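Just below is one structure, and these are the notes that go with it.
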Protein chains: 4
Amino acid sequence: MVIVMRAGTKREDIDKIRNKMESLGCKVHEVQGESYHILGLVGDTSNIDRELINSNKNVEKVVNIQEPYKKANKMFKPEDTIVEVAGRKIGGGHIGIIAGPCSVEGIEQIVGIARDVKAAGAGFLRGGAFKPRTSPYSFQGLREEGLKLLEEAKKETGLPIVTEIMSASHLEIFEEHVDVMQIGARNMQNFELLKEVGRSKKPVLLKRGMSSSIEELIMSAEYIMAGGNENVILCERGIRTFENFTRNTLDLSAIPAIKKLSHLPVVVDPSHAAGLSWMVEPLSKAAIAVGADGLMIEVHNDPANAKCDGQQSLTPDQFKDLMKSIKQIAQIENKTISI
Amino acid sequence: MVIVMRAGTKREDIDKIRNKMESLGCKVHEVQGESYHILGLVGDTSNIDRELINSNKNVEKVVNIQEPYKKANKMFKPEDTIVEVAGRKIGGGHIGIIAGPCSVEGIEQIVGIARDVKAAGAGFLRGGAFKPRTSPYSFQGLREEGLKLLEEAKKETGLPIVTEIMSASHLEIFEEHVDVMQIGARNMQNFELLKEVGRSKKPVLLKRGMSSSIEELIMSAEYIMAGGNENVILCERGIRTFENFTRNTLDLSAIPAIKKLSHLPVVVDPSHAAGLSWMVEPLSKAAIAVGADGLMIEVHNDPANAKCDGQQSLTPDQFKDLMKSIKQIAQIENKTISI
Amino acid sequence: MVIVMRAGTKREDIDKIRNKMESLGCKVHEVQGESYHILGLVGDTSNIDRELINSNKNVEKVVNIQEPYKKANKMFKPEDTIVEVAGRKIGGGHIGIIAGPCSVEGIEQIVGIARDVKAAGAGFLRGGAFKPRTSPYSFQGLREEGLKLLEEAKKETGLPIVTEIMSASHLEIFEEHVDVMQIGARNMQNFELLKEVGRSKKPVLLKRGMSSSIEELIMSAEYIMAGGNENVILCERGIRTFENFTRNTLDLSAIPAIKKLSHLPVVVDPSHAAGLSWMVEPLSKAAIAVGADGLMIEVHNDPANAKCDGQQSLTPDQFKDLMKSIKQIAQIENKTISI
Amino acid sequence: MVIVMRAGTKREDIDKIRNKMESLGCKVHEVQGESYHILGLVGDTSNIDRELINSNKNVEKVVNIQEPYKKANKMFKPEDTIVEVAGRKIGGGHIGIIAGPCSVEGIEQIVGIARDVKAAGAGFLRGGAFKPRTSPYSFQGLREEGLKLLEEAKKETGLPIVTEIMSASHLEIFEEHVDVMQIGARNMQNFELLKEVGRSKKPVLLKRGMSSSIEELIMSAEYIMAGGNENVILCERGIRTFENFTRNTLDLSAIPAIKKLSHLPVVVDPSHAAGLSWMVEPLSKAAIAVGADGLMIEVHNDPANAKCDGQQSLTPDQFKDLMKSIKQIAQIENKTISI
C-alpha cells in the first residue's frame, strides 16, 4: 500500500499516520518529493481499511498494491480449483455445460428438456424455481414445487441440479434438494445471503452483478469462502453498458482476467447476456475459445410459450447443433466436456 | 402496446398472435406496411408479458406504450404522496433532511452527532447498524446493538431513525426499533426483501441500485406497494459510469424524471454519490434546486477516525454551514424543511 | 510517479528502469516489500510516458501522483481564469448565459430569437451553422450562409456569437465572423482540430465528449492551451450511461471537480444533456447552484417546426421564466450575470 | 414508423400531424386506444426526421420500425460485401489479419516487423504515422515521414498498408501512399472527415467510437457510403464501461449483431480493446470464433521500448503462436486467411 500525502502536510501529521500504520504491523518507508510526500507500506496490509486512511484530510491518494482478497487469490493458490458435483468436474481443463429452461413450468416440460439436453451432451440441469422478476406482476416461479420437479428430472436423467436461491430462509430446503446453489446477478452483493451460503458445503455458482467489477465479483466469492465454503464457481453473464442492441454486454475479457487473478473456475451465460437466442451459438463458441470453464444455456422445448425469457432460449435441436460446435473448440483448447 | 411483425409473416401466424392478444382482453388493430405488419393493442395490456411476445419468432419488436407500474404511477394518482414519520413530512413541498454517521460506533458518538445535526436543523437521524461492505474483512456494523444505540439517540433528541435493513429475518426487530427502513442500493432488486417490507406498515426508503434505471427503481417501489405498504421514499445516490473522479455519478436528472412518472417523494444522497466530503455542499444545493424532497447526509464528529466512509462525511460544523445554504434554496423553491 | 515492480524481479532489471528514470532527470527512492518492490520517483515526471513504463514486463503498476496537465492546472495558477468576449465575462463570479436555436434557419428566425433572448437577459447568441448529425440524410446546417445570418443577428442585438467549428479548414472564416468557436462533443478528441484552434486567439468553448472523463476534457483543453490559446471555456453536456430516460446523463459533479482541478471556467448545457425541454429549467437551476459559470440553452420560436432538436428547445417565454429562477440562484451564489 | 399521441390530444392536432406525414408521402393508419392514440405510418419514412416529430408537444413517443440506414443495410443487400485490397479479401469467408506496430518509428523497425508478421501469416501491415494522443506532450507520430517508411516496408514485403487519417487535409497524400485509410475511434463522428473519405475510392477501415452504439457505427459507415465509397470495413475495438481491469470492454456481441444488420465486413482489434498483451491471444481466438472477418493486432520487436502502447504489443514470436491458434479456429469456421 502506498499513501500519498498532500503537499505541505506538517511533519507531525505525517508522523501520526506513520505511527498508526506501524501500530498495525507495517513498516513504513518515506519518499520525499517536491510537492508530494509518499509513504510506502511493507508487510500485511490486508487488515488496513483503505477508506479509513483516505478520510484523513492530509491524504491525497491511497494506492493498493495487493489485491484485497486472499482465499480466492491465485497468488496464494496457483493451481486451478476444480469443483466436483455428482462426479462431474468444472475447472482445470474440465468444461461443465449447464442447460435447461429459464423456469421450471411442469413435470413434462422439465423432464423432457432434461432428457434432451442430456442426450445432446450437457452435464448439468438448470431451471428456475424461485424467479427474480423486475415486475411484481410477472410469473414468480413454482418455488418449492419447482424444486421437487427438478428432483424428478434428476432421478430420470442423473443430471445434477443448478438453481437460484434468493433468500437465506430457503437454505435448508436447497441443501436438501439442490446440487449447486446459484446466486443471481441481483444478489451478488446481498451479503447476508453470501454469508449464509458460505456456511453450507454445497457448491455455489455466483453470477456477476450487472454493474459489478471483476474485483467485486471476486470479493463476493471471498465472502462465501471466508465462511468456509470454497466450492465457488464464478459466472460472467453480461454487464450493463450504454449499448442496447443486446440486453447486456457480454464481457469476455473478464474470463482471462479472472483466470489471472483467481484459481476459481468461471463459466459464461450467453443466454442472459445477449437476450437473443440467435446470438447464443457464436457467443458460446467465443466463450470456450477465450478460456471459460463452462457454459450456462437456456433451452426450452417451446420458446414461444415459455413462461419467461423465451426470446433467449434455444430449442433442443438448436442446442444439439451448439454442442457440436462447442466440442470442436474444446478439442482445440485441449479440454474435456464433463458428462 | 404495439407489436411489429417481421416482413413476410404468414397470415395464419399473424392470426395466432392476434387471437392470443384478443383472448387476453385486448382489441387489436392492424396496420399493413410494405415490409412490416403492425398490430396496435387497445385495452389493459399490463398483464401481457412483453418478453413472452418477443420470443415469438415472427415478432420483430414490441413497444410498450403504457408504463409497467400502476400503484407508483402518477397517471393514476396525480397528487404528490407525502410520507409522514413521527410528525415530520417528506414530499409535497416538505423537505426532509436525514443526517448522521455512516455507522453507529458507540453511545457517545451517536448521541453527540444526533444532537449536533438536530441543532443544525436536521429532521431525521441516519446511522448504519447492519453494514453492507464489499470486503468480508471490513467492519460489518454493531448490528442489534447498533439499533439500541440509535434508540438512545432518539430518546435524547426526538429524531426519528432511518437505518438499513439487509435481511428479511431482521424485519421484526426493525419494526420494533426503527422509524424508516432503508433498502440499500445493493438490495434494490432483492425481491424477497422487497416483498417482506411490503407487508410492513413502516415507511421504506428505497435507494436506487448502482446500475438500475429509473423505471427499475419505480418497479422495485411497486413491489413494496403491491404488498400493501405505500409509504415509500425513493433515493437517488449516484449511478455507476465510466467516470472515476467521483465514486458514482449523481444523476440529478432522475429527480424531475421521477417527479414526472411517479407521485412518490424522492431524496438525494450526495455523500455516497460523490464519496468526497468537499463535494457534498454544492451537490446538496443542486439537489434542492432540481426539486428533491430531501437529502441524506453523512455527518461524523471525527471523520478521520470514522469506522467507515469518513472520506465523505461532513463535520458537524460543515453540516451547519450546509444547512444555511439549503434553507436559502428551499425558500426560492417555496418549500419548508421538516423539523 | 510510483512504479510497482513485479514480485521476483531481478536486481539488474530493477536497475535498468532505475537508470532510465534517473537519465530522464528524476530521483528514485526504493521501497522493498515482501512480494513487491516499489520505486518512488521525485522530480518533474510530466515528460515520462506512463504507457512506456507500463509496457515493461517487470512492471506491475504505474501510479501517477501528478496530474498530466500543466497550463490548465489549478495547482500552477490558483486564480480563476476569466474569459472576456465583447465586454462580457465568463468565470470568476461572472455567469454567461448563451442562448439561441439549435440551427440557424433563416434571417427572421435568428434575428427574432436573438432579440427575445437578449430581452430576457442572455449575454451570448448560439446557433448552429455547421451541424454534426448522426445521419447523412439529416439537415446539415446552412454552413457559410448560417454564419452570415448570425452576424446579422449580432448587428441587431449586439450579442456575441457562439457557434460550432467542425473542420480546421473553416478556421479562417470562423475567425472573421464568430466570437467564440465551439468544439462539439464528437470532436473533443479531434486533435488536429484542437491544434488548429490552439493557434487562434479566439475564445474556444470546448464540450465534453459523451464518454470522456473529466481528465480527458482538461487534457483536450491543454492541447488548445499548449498551442498558445488560453481562452478556453469548458462545457459539461451530459455523458453516456445505461440510463435512457434522458438522452445523456448530466454529470453535475463534474462542475466542482473541474473547479478543484483547473482554473478554467465551465458552463453547462442542460438542453443537450436531457434532450427534453421540460427538464431544462430544473437542471439549469441545479447547474448554477452547483457552481457553474454559465449555461448554454436552446431557444426556438417554434420548437415543433425546428429543423433540429425541437424536442429540447424552450420557447422565448419559457426562457424568460427560466432567467428569473436563474437570477435568484445566482444571487445566493453571489454571482452576476454578464450582459 | 409509429407515432404515439398523448392522451387527450384534440382531433385537429392529430390531423395536423396526419396531414404533415401524408404530405411527406406516407399513408397513415390510426389506432384509437383508451388513453393513447397511435398513428402507424406506411411507406418510405427514411426522409422523416424523427426528432422533428418528437418535438411536437402532443407526441408521446416516436418508434422507428425501419433502420435509419440504407446502403449499409443487409435488408437491401443480403450478400456479404467483400473488400479487396491488393488482391487480398476481407469479408464473405475471407479473414484479413492486419498486424504491425502502434507507431512507425524508423526504417529498420517497420521493415523488420513487416517481414516478421508476413512470415507468420499476416496479410496487411498496420503502423501509425499520424497518432491521436490524449496528451499534447506525447509522441505524435512521424507523420508524412512515417507514410514513406510504410511504403518502404510495403516494397520489401508486398503487404498493403493500413494507417490512420486524422484530417481531411491529408486526404491527397493518403490516397497516394496508403492502401486502407483508417478512421480512428475518436473520429468516428468527425462527419467532415467521413464526408471527405466518402469521396475517395480507397477502402476505409472505420473504428467504433468508445461510446458509440452499433447503430451509430453503421450510420457513420452510411456517411462514407452516401458519398460514393462503398469499400468500408468496420472495426470493433472495445467500448467504455465502468470496468477498469481492461482499458476498454471488448464487445464481441457486436460482431453477430453487425452481421445481422449489415453486409459490411467487420474486424476486431483486441490489442486496443484490452490494452494488455497477454490478453490478445484469447480475445483473438474468441473474435474469430464469434464470426469476425479479421483481426488488427499490434506487434512490436521491442515492446518495452515502443514509442507508444508497448503494454499491449505482442513480440513477433508471440504473434507467430497466435497465428497458429487463429488458423485452427478459422478452419472450424470454414474460413480462409487472406495472404
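How things are named: the first chain in the C-alpha cells is A, the next is B, and so on; residues count from 1 in each chain; ligands count from 1 in the order shown.
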Requested in this report: Determine, counting only C-alpha atoms, which protein, DNA and RNA residues have an atom within 8 Å of an atom of range 292-309 of chain B; residues of the same chain fewer than 6 positions away are not included. Present the result as an NGL selection string.
Outcome: (:A and (51-53 or 55-57)) or (:B and (90-103 or 105 or 109 or 112-113 or 117 or 126 or 139 or 255 or 265-271 or 275 or 280 or 284 or 315-316 or 319))
Query raised in the report: chain C residues within 9 Å of chain D, counting only C-alpha atoms: which ones, as number ranges by chain?
Result: C: 46-49, 51-57, 68-69, 132-139, 166-169, 186-193, 195, 210-212, 216, 219-220, 222-224, 226, 240-241, 276-277, 303-313
Query raised in the report: Within 9 Å of Gln32 in chain D, counting only C-alpha atoms, which residues qualify if same-chain residues fewer than 6 places away don't, as a PyMOL selection string?
Result: (chain B and resi 29+40+42) or (chain D and resi 38-39)
Grab the residues selected above and save them as a PDB file, in the first residue's frame with C-alpha atoms.
ATOM      1  CA  HIS B  29     -55.902  -3.013 -34.896  1.00  0.00           C
ATOM      2  CA  GLY B  40     -51.800  -1.987 -32.285  1.00  0.00           C
ATOM      3  CA  VAL B  42     -56.020  -1.367 -27.247  1.00  0.00           C
TER       4      VAL B  42
ATOM      5  CA  ILE D  38     -51.481   5.747 -32.331  1.00  0.00           C
ATOM      6  CA  LEU D  39     -50.566   6.700 -35.899  1.00  0.00           C
TER       7      LEU D  39
END
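One finds CA of Ile329 in chain A at 6.6 Å from CA of Ile288 in chain A.
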Query raised in the report: Thr9 in chain B: which residues within 9 Å, counting only C-alpha atoms, same-chain residues fewer than 2 positions away excluded, as an MDAnalysis selection string?
Result: chainID B and resid 5:7 11:14 36:37 58:59
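For the atom pair formed by CA of Asn229 in chain D and CA of Gln66 in chain D, the distance is 23.1 Å, given to one decimal.
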Query - DSSP strand (DSSP E or B) residues within range 166-302 of chain D, listed as a list in words - result: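 Answer for range 166-302 of chain D, restricted to strand (DSSP E or B): Val180, Met181, Gln182, Ile183, Val204, Leu205, Leu206, Lys207, Val232, Ile233, Leu234, Cys235, Glu236, Ile239, Thr249, Ser262, Val266, Val267, Val268, Gly294, Leu295, Met296, Ile297, Glu298 and Val299 of chain D.
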Go ahead and write the residues just picked, N, CA and C atoms, as a PDB file, in the first residue's frame.
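Here's the written file out.pdb:
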ATOM      1  N   VAL D 180      -5.330   1.256 -47.191  1.00  0.00           N
ATOM      2  CA  VAL D 180      -6.591   1.354 -46.453  1.00  0.00           C
ATOM      3  C   VAL D 180      -6.479   2.526 -45.485  1.00  0.00           C
ATOM      4  N   MET D 181      -7.435   3.467 -45.578  1.00  0.00           N
ATOM      5  CA  MET D 181      -7.429   4.624 -44.676  1.00  0.00           C
ATOM      6  C   MET D 181      -8.224   4.265 -43.429  1.00  0.00           C
ATOM      7  N   GLN D 182      -7.580   4.353 -42.301  1.00  0.00           N
ATOM      8  CA  GLN D 182      -8.271   4.044 -41.045  1.00  0.00           C
ATOM      9  C   GLN D 182      -8.840   5.329 -40.435  1.00  0.00           C
ATOM     10  N   ILE D 183     -10.109   5.252 -40.015  1.00  0.00           N
ATOM     11  CA  ILE D 183     -10.702   6.331 -39.206  1.00  0.00           C
ATOM     12  C   ILE D 183     -10.703   5.839 -37.774  1.00  0.00           C
ATOM     13  N   VAL D 204     -11.860   2.054 -46.629  1.00  0.00           N
ATOM     14  CA  VAL D 204     -11.790   2.727 -45.336  1.00  0.00           C
ATOM     15  C   VAL D 204     -12.038   1.708 -44.232  1.00  0.00           C
ATOM     16  N   LEU D 205     -11.176   1.722 -43.211  1.00  0.00           N
ATOM     17  CA  LEU D 205     -11.416   0.907 -42.017  1.00  0.00           C
ATOM     18  C   LEU D 205     -11.927   1.856 -40.942  1.00  0.00           C
ATOM     19  N   LEU D 206     -13.176   1.655 -40.542  1.00  0.00           N
ATOM     20  CA  LEU D 206     -13.857   2.590 -39.633  1.00  0.00           C
ATOM     21  C   LEU D 206     -13.978   1.971 -38.253  1.00  0.00           C
ATOM     22  N   LYS D 207     -13.296   2.577 -37.272  1.00  0.00           N
ATOM     23  CA  LYS D 207     -13.337   2.034 -35.913  1.00  0.00           C
ATOM     24  C   LYS D 207     -14.530   2.576 -35.139  1.00  0.00           C
ATOM     25  N   VAL D 232     -16.107  -0.172 -47.213  1.00  0.00           N
ATOM     26  CA  VAL D 232     -15.949   0.137 -45.800  1.00  0.00           C
ATOM     27  C   VAL D 232     -15.815  -1.150 -44.993  1.00  0.00           C
ATOM     28  N   ILE D 233     -14.786  -1.192 -44.150  1.00  0.00           N
ATOM     29  CA  ILE D 233     -14.598  -2.295 -43.202  1.00  0.00           C
ATOM     30  C   ILE D 233     -14.841  -1.717 -41.812  1.00  0.00           C
ATOM     31  N   LEU D 234     -15.723  -2.346 -41.051  1.00  0.00           N
ATOM     32  CA  LEU D 234     -15.982  -1.879 -39.688  1.00  0.00           C
ATOM     33  C   LEU D 234     -14.993  -2.530 -38.717  1.00  0.00           C
ATOM     34  N   CYS D 235     -14.781  -1.910 -37.584  1.00  0.00           N
ATOM     35  CA  CYS D 235     -13.841  -2.469 -36.607  1.00  0.00           C
ATOM     36  C   CYS D 235     -14.334  -2.254 -35.176  1.00  0.00           C
ATOM     37  N   GLU D 236     -14.525  -3.356 -34.461  1.00  0.00           N
ATOM     38  CA  GLU D 236     -14.860  -3.309 -33.032  1.00  0.00           C
ATOM     39  C   GLU D 236     -13.550  -3.259 -32.256  1.00  0.00           C
ATOM     40  N   ILE D 239     -15.477  -0.869 -25.991  1.00  0.00           N
ATOM     41  CA  ILE D 239     -16.274   0.296 -25.611  1.00  0.00           C
ATOM     42  C   ILE D 239     -15.949   0.669 -24.168  1.00  0.00           C
ATOM     43  N   THR D 249     -13.867  -2.373 -22.794  1.00  0.00           N
ATOM     44  CA  THR D 249     -14.523  -3.673 -22.745  1.00  0.00           C
ATOM     45  C   THR D 249     -14.816  -4.109 -24.176  1.00  0.00           C
ATOM     46  N   SER D 262     -26.008  -5.577 -41.196  1.00  0.00           N
ATOM     47  CA  SER D 262     -25.299  -5.007 -42.334  1.00  0.00           C
ATOM     48  C   SER D 262     -24.528  -6.070 -43.097  1.00  0.00           C
ATOM     49  N   VAL D 266     -16.494  -6.947 -40.818  1.00  0.00           N
ATOM     50  CA  VAL D 266     -16.148  -6.357 -39.532  1.00  0.00           C
ATOM     51  C   VAL D 266     -14.973  -7.112 -38.913  1.00  0.00           C
ATOM     52  N   VAL D 267     -13.969  -6.351 -38.504  1.00  0.00           N
ATOM     53  CA  VAL D 267     -12.783  -6.948 -37.872  1.00  0.00           C
ATOM     54  C   VAL D 267     -12.724  -6.513 -36.405  1.00  0.00           C
ATOM     55  N   VAL D 268     -11.836  -7.158 -35.658  1.00  0.00           N
ATOM     56  CA  VAL D 268     -11.722  -6.887 -34.219  1.00  0.00           C
ATOM     57  C   VAL D 268     -10.289  -6.479 -33.882  1.00  0.00           C
ATOM     58  N   GLY D 294     -11.786 -10.612 -39.466  1.00  0.00           N
ATOM     59  CA  GLY D 294     -10.369 -10.306 -39.422  1.00  0.00           C
ATOM     60  C   GLY D 294      -9.971  -9.768 -38.073  1.00  0.00           C
ATOM     61  N   LEU D 295      -8.668  -9.500 -37.955  1.00  0.00           N
ATOM     62  CA  LEU D 295      -8.101  -9.017 -36.699  1.00  0.00           C
ATOM     63  C   LEU D 295      -7.124  -7.893 -37.002  1.00  0.00           C
ATOM     64  N   MET D 296      -6.957  -7.028 -36.041  1.00  0.00           N
ATOM     65  CA  MET D 296      -5.980  -5.953 -36.136  1.00  0.00           C
ATOM     66  C   MET D 296      -5.133  -6.069 -34.878  1.00  0.00           C
ATOM     67  N   ILE D 297      -3.863  -6.407 -35.059  1.00  0.00           N
ATOM     68  CA  ILE D 297      -3.038  -6.795 -33.907  1.00  0.00           C
ATOM     69  C   ILE D 297      -1.763  -5.955 -33.852  1.00  0.00           C
ATOM     70  N   GLU D 298      -1.459  -5.474 -32.662  1.00  0.00           N
ATOM     71  CA  GLU D 298      -0.204  -4.737 -32.518  1.00  0.00           C
ATOM     72  C   GLU D 298       0.953  -5.680 -32.240  1.00  0.00           C
ATOM     73  N   VAL D 299       2.004  -5.521 -33.066  1.00  0.00           N
ATOM     74  CA  VAL D 299       3.205  -6.342 -32.935  1.00  0.00           C
ATOM     75  C   VAL D 299       4.399  -5.391 -32.925  1.00  0.00           C
TER      76      VAL D 299
END
